[in-house]
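J.: protein-v1.pdb is the file, holding PDB, C-alpha atoms and all ligand atoms:
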```pdb
ATOM      1  CA  MET M   1     -88.348 124.445  87.231
ATOM      2  CA  THR M   2     -85.441 124.270  84.799
ATOM      3  CA  ILE M   3     -85.985 125.617  81.353
ATOM      4  CA  SER M   4     -84.711 123.456  78.484
ATOM      5  CA  LYS M   5     -81.847 124.539  76.244
ATOM      6  CA  LYS M   6     -84.227 124.405  73.300
ATOM      7  CA  MET M   7     -86.583 126.790  75.068
ATOM      8  CA  ILE M   8     -83.723 129.166  75.923
ATOM      9  CA  ASN M   9     -82.769 129.242  72.242
ATOM     10  CA  ALA M  10     -86.415 129.660  71.179
ATOM     11  CA  GLN M  11     -86.757 132.679  73.466
ATOM     12  CA  VAL M  12     -83.636 134.342  72.067
ATOM     13  CA  MET M  13     -84.927 133.718  68.556
ATOM     14  CA  GLU M  14     -88.359 135.090  69.364
ATOM     15  CA  SER M  15     -87.091 138.271  70.926
ATOM     16  CA  ASN M  16     -84.793 138.801  67.948
ATOM     17  CA  SER M  17     -87.104 137.654  65.159
ATOM     18  CA  HIS M  18     -86.704 141.110  63.557
ATOM     19  CA  LEU M  19     -83.227 139.961  62.465
ATOM     20  CA  PHE M  20     -84.474 137.229  60.162
ATOM     21  CA  ARG M  21     -85.266 137.318  56.458
ATOM     22  CA  CYS M  22     -86.783 134.416  54.590
ATOM     23  CA  PRO M  23     -84.071 132.597  52.607
ATOM     24  CA  ILE M  24     -86.650 131.732  49.917
ATOM     25  CA  CYS M  25     -88.582 134.957  49.294
ATOM     26  CA  SER M  26     -86.650 137.533  51.382
ATOM     27  CA  SER M  27     -89.701 138.705  53.353
ATOM     28  CA  GLY M  28     -89.695 139.304  57.109
ATOM     29  CA  MET M  29     -90.205 136.445  59.559
ATOM     30  CA  MET M  30     -91.976 135.862  62.869
ATOM     31  CA  MET M  31     -91.735 133.160  65.476
ATOM     32  CA  ALA M  32     -94.872 131.044  65.864
ATOM     33  CA  ASP M  33     -95.575 128.922  68.971
ATOM     34  CA  LYS M  34     -91.899 129.153  69.958
ATOM     35  CA  SER M  35     -91.319 126.364  67.465
ATOM     36  CA  GLN M  36     -91.209 127.807  63.934
ATOM     37  CA  LEU M  37     -90.032 130.815  62.009
ATOM     38  CA  VAL M  38     -92.673 131.752  59.444
ATOM     39  CA  CYS M  39     -92.361 134.393  56.738
ATOM     40  CA  ALA M  40     -95.040 136.744  55.380
ATOM     41  CA  ASP M  41     -95.389 134.387  52.408
ATOM     42  CA  ASN M  42     -95.867 131.368  54.679
ATOM     43  CA  HIS M  43     -92.548 129.620  54.205
ATOM     44  CA  SER M  44     -91.943 127.933  57.530
ATOM     45  CA  PHE M  45     -88.855 126.527  59.242
ATOM     46  CA  ASP M  46     -88.984 124.385  62.376
ATOM     47  CA  LEU M  47     -86.792 124.815  65.393
ATOM     48  CA  SER M  48     -84.872 121.555  65.818
ATOM     49  CA  LYS M  49     -84.858 119.415  68.963
ATOM     50  CA  SER M  50     -81.482 120.805  69.916
ATOM     51  CA  GLY M  51     -82.640 124.389  69.442
ATOM     52  CA  TYR M  52     -81.214 125.545  66.123
ATOM     53  CA  ILE M  53     -83.035 126.625  63.005
ATOM     54  CA  ASN M  54     -82.234 125.291  59.559
ATOM     55  CA  LEU M  55     -82.584 128.170  57.098
ATOM     56  CA  ALA M  56     -80.689 126.619  54.205
ATOM     57  CA  PRO M  57     -83.371 125.932  51.579
ATOM     58  CA  GLN M  58     -81.433 122.930  50.227
ATOM     59  CA  ALA M  59     -79.783 120.193  52.263
ATOM     60  CA  HIS M  60     -76.002 120.256  51.975
ATOM     61  CA  VAL M  61     -73.614 117.433  52.713
ATOM     62  CA  THR M  62     -70.248 118.891  53.606
ATOM     63  CA  LYS M  63     -66.924 117.293  54.482
ATOM     64  CA  TYR M  64     -67.212 118.930  57.884
ATOM     65  CA  ASP M  65     -68.741 116.052  59.818
ATOM     66  CA  LYS M  66     -69.596 115.259  63.422
ATOM     67  CA  SER M  67     -66.210 113.769  64.310
ATOM     68  CA  LEU M  68     -64.394 116.787  62.859
ATOM     69  CA  PHE M  69     -66.470 119.157  64.998
ATOM     70  CA  GLU M  70     -66.013 116.980  68.105
ATOM     71  CA  ALA M  71     -62.272 117.141  67.511
ATOM     72  CA  ARG M  72     -62.412 120.911  66.938
ATOM     73  CA  LYS M  73     -64.287 121.371  70.196
ATOM     74  CA  ILE M  74     -61.682 119.390  72.153
ATOM     75  CA  VAL M  75     -58.810 121.356  70.624
ATOM     76  CA  MET M  76     -60.488 124.774  70.843
ATOM     77  CA  SER M  77     -61.482 124.182  74.469
ATOM     78  CA  SER M  78     -57.818 123.534  75.369
ATOM     79  CA  GLY M  79     -56.936 127.203  74.976
ATOM     80  CA  PHE M  80     -55.360 126.633  71.577
ATOM     81  CA  PHE M  81     -56.823 129.826  70.083
ATOM     82  CA  ASN M  82     -56.947 131.961  73.216
ATOM     83  CA  PRO M  83     -54.436 134.646  72.160
ATOM     84  CA  VAL M  84     -56.338 135.112  68.888
ATOM     85  CA  LEU M  85     -59.720 135.147  70.618
ATOM     86  CA  ASP M  86     -58.494 137.526  73.329
ATOM     87  CA  TYR M  87     -57.325 139.943  70.662
ATOM     88  CA  ILE M  88     -60.634 139.750  68.802
ATOM     89  CA  THR M  89     -62.625 140.128  72.031
ATOM     90  CA  THR M  90     -60.744 143.281  72.995
ATOM     91  CA  LYS M  91     -61.439 144.788  69.583
ATOM     92  CA  ILE M  92     -65.153 143.963  69.795
ATOM     93  CA  ALA M  93     -65.375 145.306  73.359
ATOM     94  CA  THR M  94     -63.919 148.638  72.252
ATOM     95  CA  HIS M  95     -66.102 148.809  69.176
ATOM     96  CA  THR M  96     -69.346 148.036  71.031
ATOM     97  CA  ASP M  97     -68.489 149.919  74.217
ATOM     98  CA  LYS M  98     -71.118 152.650  73.848
ATOM     99  CA  LEU M  99     -73.889 150.516  72.392
ATOM    100  CA  GLU M 100     -76.885 149.546  74.487
ATOM    101  CA  GLN M 101     -77.230 146.318  72.574
ATOM    102  CA  ALA M 102     -74.932 144.768  69.973
ATOM    103  CA  PHE M 103     -75.496 141.994  67.444
ATOM    104  CA  ILE M 104     -72.516 139.821  66.596
ATOM    105  CA  LEU M 105     -72.631 137.397  63.682
ATOM    106  CA  ASP M 106     -70.086 134.574  63.424
ATOM    107  CA  ALA M 107     -70.206 133.604  59.740
ATOM    108  CA  GLY M 108     -68.940 130.025  59.398
ATOM    109  CA  CYS M 109     -68.990 129.441  63.160
ATOM    110  CA  GLY M 110     -68.461 125.662  63.077
ATOM    111  CA  GLU M 111     -69.258 124.171  66.492
ATOM    112  CA  GLY M 112     -69.597 127.570  68.124
ATOM    113  CA  THR M 113     -66.765 127.558  70.662
ATOM    114  CA  HIS M 114     -65.177 130.780  69.400
ATOM    115  CA  LEU M 115     -68.399 132.800  69.435
ATOM    116  CA  SER M 116     -69.351 131.482  72.838
ATOM    117  CA  ALA M 117     -65.885 132.194  74.298
ATOM    118  CA  ILE M 118     -65.954 135.728  72.910
ATOM    119  CA  LEU M 119     -69.477 136.445  74.207
ATOM    120  CA  SER M 120     -68.582 135.155  77.666
ATOM    121  CA  GLN M 121     -65.852 137.830  77.919
ATOM    122  CA  LEU M 122     -67.913 140.760  76.667
ATOM    123  CA  PRO M 123     -69.769 143.052  79.049
ATOM    124  CA  GLY M 124     -73.310 144.326  78.424
ATOM    125  CA  ASN M 125     -76.100 143.222  76.211
ATOM    126  CA  LYS M 126     -74.669 141.234  73.301
ATOM    127  CA  THR M 127     -76.641 138.915  71.052
ATOM    128  CA  GLY M 128     -74.615 136.232  69.304
ATOM    129  CA  VAL M 129     -75.690 134.676  66.022
ATOM    130  CA  GLY M 130     -73.753 131.734  64.604
ATOM    131  CA  ILE M 131     -74.323 130.364  61.115
ATOM    132  CA  ASP M 132     -72.721 127.481  59.272
ATOM    133  CA  LEU M 133     -73.690 125.247  56.391
ATOM    134  CA  ALA M 134     -72.641 122.139  58.305
ATOM    135  CA  LYS M 135     -75.604 120.880  60.331
ATOM    136  CA  GLU M 136     -73.309 118.836  62.594
ATOM    137  CA  GLY M 137     -71.465 121.966  63.713
ATOM    138  CA  ILE M 138     -74.643 123.932  64.398
ATOM    139  CA  THR M 139     -76.257 120.995  66.236
ATOM    140  CA  ALA M 140     -73.266 120.827  68.583
ATOM    141  CA  ALA M 141     -73.276 124.607  69.085
ATOM    142  CA  ALA M 142     -76.991 124.760  69.945
ATOM    143  CA  LYS M 143     -76.678 121.903  72.445
ATOM    144  CA  VAL M 144     -73.555 123.099  74.196
ATOM    145  CA  TYR M 145     -73.975 126.879  74.060
ATOM    146  CA  PRO M 146     -77.633 127.817  74.542
ATOM    147  CA  GLY M 147     -78.495 131.511  74.644
ATOM    148  CA  SER M 148     -77.344 132.483  71.162
ATOM    149  CA  ILE M 149     -79.060 132.078  67.803
ATOM    150  CA  TRP M 150     -77.674 129.071  65.917
ATOM    151  CA  SER M 151     -78.699 128.543  62.327
ATOM    152  CA  VAL M 152     -77.760 126.248  59.474
ATOM    153  CA  ALA M 153     -77.390 128.725  56.633
ATOM    154  CA  ASP M 154     -75.392 129.433  53.533
ATOM    155  CA  LEU M 155     -73.023 132.397  53.575
ATOM    156  CA  ALA M 156     -74.126 133.047  50.008
ATOM    157  CA  ASN M 157     -77.744 133.556  51.103
ATOM    158  CA  CYS M 158     -77.698 134.751  54.699
ATOM    159  CA  PRO M 159     -81.204 134.621  56.187
ATOM    160  CA  PHE M 160     -81.021 138.033  57.858
ATOM    161  CA  GLN M 161     -82.235 141.535  57.186
ATOM    162  CA  SER M 162     -79.799 144.118  55.869
ATOM    163  CA  ASN M 163     -77.844 146.476  58.159
ATOM    164  CA  ARG M 164     -78.486 144.518  61.369
ATOM    165  CA  PHE M 165     -75.051 143.498  62.651
ATOM    166  CA  ASP M 166     -72.578 145.575  64.638
ATOM    167  CA  VAL M 167     -69.835 142.995  64.191
ATOM    168  CA  ILE M 168     -69.289 140.187  61.701
ATOM    169  CA  LEU M 169     -66.670 137.572  62.518
ATOM    170  CA  ASN M 170     -65.198 135.274  59.908
ATOM    171  CA  ILE M 171     -62.622 132.927  61.397
ATOM    172  CA  LEU M 172     -60.905 130.385  59.146
ATOM    173  CA  SER M 173     -64.025 130.303  56.998
ATOM    174  CA  PRO M 174     -64.846 131.432  53.478
ATOM    175  CA  ALA M 175     -66.167 134.968  53.079
ATOM    176  CA  ASN M 176     -69.066 136.233  51.049
ATOM    177  CA  TYR M 177     -68.214 139.906  50.868
ATOM    178  CA  ALA M 178     -71.441 140.959  49.137
ATOM    179  CA  GLU M 179     -73.576 139.364  51.865
ATOM    180  CA  PHE M 180     -71.392 140.635  54.708
ATOM    181  CA  THR M 181     -71.588 144.182  53.331
ATOM    182  CA  ARG M 182     -75.367 143.894  53.119
ATOM    183  CA  LEU M 183     -75.665 142.639  56.705
ATOM    184  CA  LEU M 184     -73.224 144.939  58.434
ATOM    185  CA  LYS M 185     -74.473 148.238  59.859
ATOM    186  CA  ARG M 186     -72.981 151.372  58.318
ATOM    187  CA  ASP M 187     -70.430 151.733  61.129
ATOM    188  CA  GLY M 188     -70.138 147.999  61.812
ATOM    189  CA  LEU M 189     -66.868 146.143  62.214
ATOM    190  CA  PHE M 190     -65.806 143.194  60.087
ATOM    191  CA  ILE M 191     -63.166 140.889  61.552
ATOM    192  CA  LYS M 192     -61.519 138.199  59.479
ATOM    193  CA  ALA M 193     -58.921 135.740  60.778
ATOM    194  CA  VAL M 194     -56.857 134.029  58.108
ATOM    195  CA  PRO M 195     -54.158 131.398  58.521
ATOM    196  CA  GLU M 196     -50.595 132.337  57.631
ATOM    197  CA  SER M 197     -47.730 130.181  56.392
ATOM    198  CA  GLY M 198     -46.712 128.990  59.868
ATOM    199  CA  TYR M 199     -50.189 127.802  60.893
ATOM    200  CA  LEU M 200     -49.926 124.128  61.939
ATOM    201  CA  LYS M 201     -46.609 123.932  60.101
ATOM    202  CA  GLU M 202     -45.599 120.834  62.073
ATOM    203  CA  LEU M 203     -48.601 119.006  60.555
ATOM    204  CA  ARG M 204     -48.076 120.497  57.108
ATOM    205  CA  ALA M 205     -44.538 119.104  57.185
ATOM    206  CA  VAL M 206     -45.982 115.594  57.495
ATOM    207  CA  PHE M 207     -48.960 115.912  55.171
ATOM    208  CA  TYR M 208     -47.640 118.239  52.493
ATOM    209  CA  GLU M 209     -43.927 117.519  52.843
ATOM    210  CA  ASP M 210     -42.175 120.197  50.789
ATOM    211  CA  GLU M 211     -45.141 121.590  48.947
ATOM    212  CA  GLY M 212     -45.412 124.705  51.112
ATOM    213  CA  ARG M 213     -48.451 126.937  51.043
ATOM    214  CA  LYS M 214     -50.550 126.217  47.982
ATOM    215  CA  ASP M 215     -52.848 129.200  48.071
ATOM    216  CA  ASP M 216     -50.921 132.275  47.028
ATOM    217  CA  THR M 217     -53.818 134.750  46.921
ATOM    218  CA  ASP M 218     -53.281 137.609  49.345
ATOM    219  CA  PRO M 219     -56.231 137.664  51.777
ATOM    220  CA  VAL M 220     -55.455 141.210  52.964
ATOM    221  CA  ALA M 221     -55.519 142.533  49.394
ATOM    222  CA  ARG M 222     -58.789 140.724  48.751
ATOM    223  CA  PHE M 223     -60.244 142.114  51.977
ATOM    224  CA  ALA M 224     -59.122 145.628  51.001
ATOM    225  CA  GLU M 225     -61.044 145.408  47.729
ATOM    226  CA  HIS M 226     -64.266 145.241  49.743
ATOM    227  CA  TYR M 227     -63.578 147.012  53.062
ATOM    228  CA  ASP M 228     -61.508 149.864  54.374
ATOM    229  CA  VAL M 229     -58.797 148.103  56.334
ATOM    230  CA  VAL M 230     -58.637 149.480  59.897
ATOM    231  CA  SER M 231     -55.765 147.277  61.064
ATOM    232  CA  THR M 232     -53.990 143.998  60.472
ATOM    233  CA  GLU M 233     -52.297 142.071  63.243
ATOM    234  CA  ARG M 234     -50.124 138.986  62.824
ATOM    235  CA  ILE M 235     -50.483 136.704  65.838
ATOM    236  CA  THR M 236     -47.913 133.919  66.023
ATOM    237  CA  TYR M 237     -47.181 131.611  68.929
ATOM    238  CA  VAL M 238     -46.265 128.067  69.798
ATOM    239  CA  PHE M 239     -48.859 126.083  71.704
ATOM    240  CA  PRO M 240     -47.678 123.157  73.842
ATOM    241  CA  LEU M 241     -49.764 120.119  72.947
ATOM    242  CA  ALA M 242     -51.001 118.316  76.049
ATOM    243  CA  PRO M 243     -50.946 114.505  75.841
ATOM    244  CA  GLY M 244     -53.976 113.325  73.926
ATOM    245  CA  LEU M 245     -54.415 116.500  71.863
ATOM    246  CA  LEU M 246     -52.476 115.377  68.786
ATOM    247  CA  ALA M 247     -55.175 112.930  67.660
ATOM    248  CA  PRO M 248     -58.041 115.487  67.743
ATOM    249  CA  LEU M 249     -55.754 118.082  66.174
ATOM    250  CA  ILE M 250     -55.150 115.752  63.235
ATOM    251  CA  ARG M 251     -58.875 114.990  62.978
ATOM    252  CA  MET M 252     -60.046 118.607  63.174
ATOM    253  CA  THR M 253     -58.217 120.035  60.206
ATOM    254  CA  PRO M 254     -59.007 119.940  56.484
ATOM    255  CA  LEU M 255     -55.208 119.672  56.031
ATOM    256  CA  THR M 256     -55.516 115.931  56.521
ATOM    257  CA  TRP M 257     -58.411 115.441  54.097
ATOM    258  CA  GLY M 258     -57.383 113.014  51.424
ATOM    259  CA  ALA M 259     -54.414 111.773  53.469
ATOM    260  CA  SER M 260     -53.893 108.011  53.547
ATOM    261  CA  GLU M 261     -54.401 106.043  56.755
ATOM    262  CA  GLU M 262     -50.645 105.366  56.765
ATOM    263  CA  LYS M 263     -49.869 109.077  56.745
ATOM    264  CA  ILE M 264     -52.315 109.669  59.574
ATOM    265  CA  GLU M 265     -50.768 106.798  61.553
ATOM    266  CA  GLU M 266     -47.322 108.225  60.846
ATOM    267  CA  ALA M 267     -48.377 111.644  62.162
ATOM    268  CA  LEU M 268     -50.031 110.101  65.222
ATOM    269  CA  GLY M 269     -46.825 108.239  65.992
ATOM    270  CA  MET M 270     -44.708 111.369  65.851
ATOM    271  CA  ASP M 271     -43.808 113.028  69.053
ATOM    272  CA  ILE M 272     -45.186 116.459  68.143
ATOM    273  CA  GLN M 273     -45.157 118.399  71.404
ATOM    274  CA  ASN M 274     -45.568 121.943  70.144
ATOM    275  CA  ILE M 275     -47.706 123.310  67.385
ATOM    276  CA  THR M 276     -47.423 126.682  65.713
ATOM    277  CA  ILE M 277     -50.388 129.018  65.445
ATOM    278  CA  ASP M 278     -49.951 131.794  62.916
ATOM    279  CA  PHE M 279     -52.785 134.123  61.961
ATOM    280  CA  THR M 280     -53.455 137.504  60.535
ATOM    281  CA  VAL M 281     -56.503 139.186  61.997
ATOM    282  CA  ILE M 282     -57.856 141.874  59.670
ATOM    283  CA  LEU M 283     -60.285 144.529  60.881
ATOM    284  CA  GLY M 284     -62.304 146.543  58.425
ATOM    285  CA  MET M 285     -65.199 148.929  58.022
ATOM    286  CA  LYS M 286     -67.589 149.308  55.137
ATOM    287  CA  LYS M 287     -66.416 151.508  52.326
ATOM    288  CA  ILE M 288     -68.734 154.493  52.279
ATOM    289  CA  GLU M 289     -69.369 155.794  48.765
TER     290      GLU M 289
HETATM  291  C1  LIG C 301     -62.205 125.526  58.941
HETATM  292  S1  LIG C 301     -63.880 125.602  59.446
HETATM  293  C2  LIG C 301     -63.822 126.920  60.629
HETATM  294  C3  LIG C 301     -64.939 126.842  61.629
HETATM  295  C4  LIG C 301     -64.804 127.817  62.805
HETATM  296  N1  LIG C 301     -64.871 129.204  62.385
HETATM  297  C5  LIG C 301     -63.520 127.547  63.553
HETATM  298  O1  LIG C 301     -62.586 128.358  63.432
HETATM  299  O2  LIG C 301     -63.445 126.533  64.259
HETATM  300  C6  LIG C 301     -64.717 126.327  58.051
HETATM  301  C7  LIG C 301     -66.222 126.378  58.244
HETATM  302  O3  LIG C 301     -66.825 127.105  57.156
HETATM  303  C8  LIG C 301     -68.089 126.486  56.894
HETATM  304  N2  LIG C 301     -68.534 126.845  55.551
HETATM  305  C9  LIG C 301     -67.929 126.585  54.373
HETATM  306  N3  LIG C 301     -68.676 127.061  53.344
HETATM  307  C10 LIG C 301     -69.794 127.630  53.883
HETATM  308  C11 LIG C 301     -70.953 128.292  53.347
HETATM  309  N4  LIG C 301     -71.113 128.469  52.033
HETATM  310  N5  LIG C 301     -71.897 128.727  54.207
HETATM  311  C12 LIG C 301     -71.754 128.563  55.548
HETATM  312  N6  LIG C 301     -70.669 127.951  56.119
HETATM  313  C13 LIG C 301     -69.713 127.488  55.302
HETATM  314  C14 LIG C 301     -67.783 125.005  57.057
HETATM  315  O4  LIG C 301     -68.953 124.239  57.222
HETATM  316  C15 LIG C 301     -66.884 125.010  58.280
HETATM  317  O5  LIG C 301     -67.578 124.850  59.480
HETATM  318 ZN    ZN C 302     -90.647 133.295  52.393
END
```
Re-express the file's structure as structure tokens.

T.:
Amino acid sequence: MTISKKMINAQVMESNSHLFRCPICSSGMMMADKSQLVCADNHSFDLSKSGYINLAPQAHVTKYDKSLFEARKIVMSSGFFNPVLDYITTKIATHTDKLEQAFILDAGCGEGTHLSAILSQLPGNKTGVGIDLAKEGITAAAKVYPGSIWSVADLANCPFQSNRFDVILNILSPANYAEFTRLLKRDGLFIKAVPESGYLKELRAVFYEDEGRKDDTDPVARFAEHYDVVSTERITYVFPLAPGLLAPLIRMTPLTWGASEEKIEEALGMDIQNITIDFTVILGMKKIE
């Protein structure tokens, strides 16, 4: 008998129900009938058909929609991010080496490909938890990558108990440093991947022309205000775009939000064969007072 993906996800949730905290009243939660998480104060949240749990008390409509996540999945599955993910995986493997079990939270996981790729390379007993405010991303993750906990949740109100995670990942997503500090174990590792000026520069050249990088806040300095920086690594490479990947690449990125149809057509018509990936990966530990 084959066990459904929903049931696989329900089992992971049940055996790890100690992780959860009610997003409404902050009390502990338990799994009931493999179909609901219920808190001590009786707030209840149903497991969806695809096997994720929605723990965002309010519904949120975000600009990250189904077609964006489908495009992200196509691009991410092409090996586009592999050097970055390999680096992160090695760091997690070293950090969790001696642990019997490790809990890894991907905060702002999108459609889950990064977390799933990382988990598939890690030895031992690792539990992956992916959260994102965009329901479309979490739906895709729960369907395609059963065996982890997938939850619609707001980074500003993470539905988990304090000091539970050995690793928190935050790739291309906003950070909520107060929540991450609360969730991370005392000797946990926080990993943040931020785009640098060369990231997708071939697309920026079309969509932003000469505007350059708009955001001039320094992510490493901001990180260092909250965490002790263990290391920073700039990872830069050129990825050859296979035929057919330019269209999903254009669709997957917020860079093209607000662009006119003509601009998108113009970019699609360009013979972009290589695309630059340029990241800084920052590793940090909690500041101990
Ligand atoms: C650029 S995407 C990156 C997704 C994924 N980490 C990746 O690299 O493919 C940014 C993600 O952050 C999520 N996000 C933004 N604000 C959030 C919030 N307050 N709580 C949870 N997720 C949020 C978005 O829904 C989106 O999926
Ligand atoms: Zn509650």

J.: Starting from the displayed file, determine the output of the PyMOL selection byres (((chain M and resi 230) around 9) and not hetatm) and express the residue list as a PyMOL selection string.

T.: chain M and resi 227-229+231-232+282-285

J.: Using Å and a single decimal, report how far atom C15 of ligand LIG 301 (chain C) sits from atom CA of M:Phe69.

T.: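 Separating atom CA of M:Phe69 from atom C15 of ligand LIG 301 (chain C) is a distance of 8.9 Å.
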
J.: With distances taken over all atoms listed in the file, which of M:Ala56, M:Leu122, M:Ile275, M:Ala247 is nearest to ligand LIG 301 (chain C)?

T.: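 Once distances to ligand LIG 301 (chain C) are computed over all atoms listed in the file, the minimum belongs to M:Ala56.
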
J.: Kindly provide the residues of chain M that approach ligand ZN 302 (chain C) to within 9 Å, each paired with its closest atom pair and their distance in Å to one decimal, based on all atoms listed in the file, listed by chain and increasing number, as JSON lines.

T.:
```
{"residue": "M:Arg21", "atom": "CA", "partner": "C:ZN302", "partner_atom": "ZN", "distance": 7.9}
{"residue": "M:Cys22", "atom": "CA", "partner": "C:ZN302", "partner_atom": "ZN", "distance": 4.6}
{"residue": "M:Pro23", "atom": "CA", "partner": "C:ZN302", "partner_atom": "ZN", "distance": 6.6}
{"residue": "M:Ile24", "atom": "CA", "partner": "C:ZN302", "partner_atom": "ZN", "distance": 5.0}
{"residue": "M:Cys25", "atom": "CA", "partner": "C:ZN302", "partner_atom": "ZN", "distance": 4.1}
{"residue": "M:Ser26", "atom": "CA", "partner": "C:ZN302", "partner_atom": "ZN", "distance": 5.9}
{"residue": "M:Ser27", "atom": "CA", "partner": "C:ZN302", "partner_atom": "ZN", "distance": 5.6}
{"residue": "M:Gly28", "atom": "CA", "partner": "C:ZN302", "partner_atom": "ZN", "distance": 7.7}
{"residue": "M:Met29", "atom": "CA", "partner": "C:ZN302", "partner_atom": "ZN", "distance": 7.8}
{"residue": "M:Val38", "atom": "CA", "partner": "C:ZN302", "partner_atom": "ZN", "distance": 7.5}
{"residue": "M:Cys39", "atom": "CA", "partner": "C:ZN302", "partner_atom": "ZN", "distance": 4.8}
{"residue": "M:Ala40", "atom": "CA", "partner": "C:ZN302", "partner_atom": "ZN", "distance": 6.3}
{"residue": "M:Asp41", "atom": "CA", "partner": "C:ZN302", "partner_atom": "ZN", "distance": 4.9}
{"residue": "M:Asn42", "atom": "CA", "partner": "C:ZN302", "partner_atom": "ZN", "distance": 6.0}
{"residue": "M:His43", "atom": "CA", "partner": "C:ZN302", "partner_atom": "ZN", "distance": 4.5}
{"residue": "M:Ser44", "atom": "CA", "partner": "C:ZN302", "partner_atom": "ZN", "distance": 7.5}
```

J.: On this file, the PyMOL selection byres (((not hetatm)) within 9 of (chain C and resi 301)) gives some set of residues; write that set as a PyMOL selection string.

T.: chain M and resi 62-65+69+72-73+76+81+106-115+131-138+152-158+169-176+193+252-254

J.: Taking only C-alpha atoms into account, which of M:His60, M:Arg204, M:Arg222, M:Lys286 comes nearest M:Ile264?

T.: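 Looking only at the distances to M:Ile264, the closest residue turns out to be M:Arg204.
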
J.: Enter the distance from atom CA of M:Phe279 to atom CA of M:Thr256, in Å, rounded to one decimal.

T.: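 Separation between atom CA of M:Phe279 and atom CA of M:Thr256: 19.2 Å.
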
J.: Of the residues M:Ala93, M:Ile8, M:Ile149, M:Met31, which is the one nearest to M:Leu105, using only C-alpha atoms?

T.: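 Looking only at the distances to M:Leu105, the closest residue turns out to be M:Ile149.
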
J.: Record the distance separating atom CA of M:Thr181 and atom CA of M:Asn82, expressed in Å with one decimal.

T.: 27.6 Å
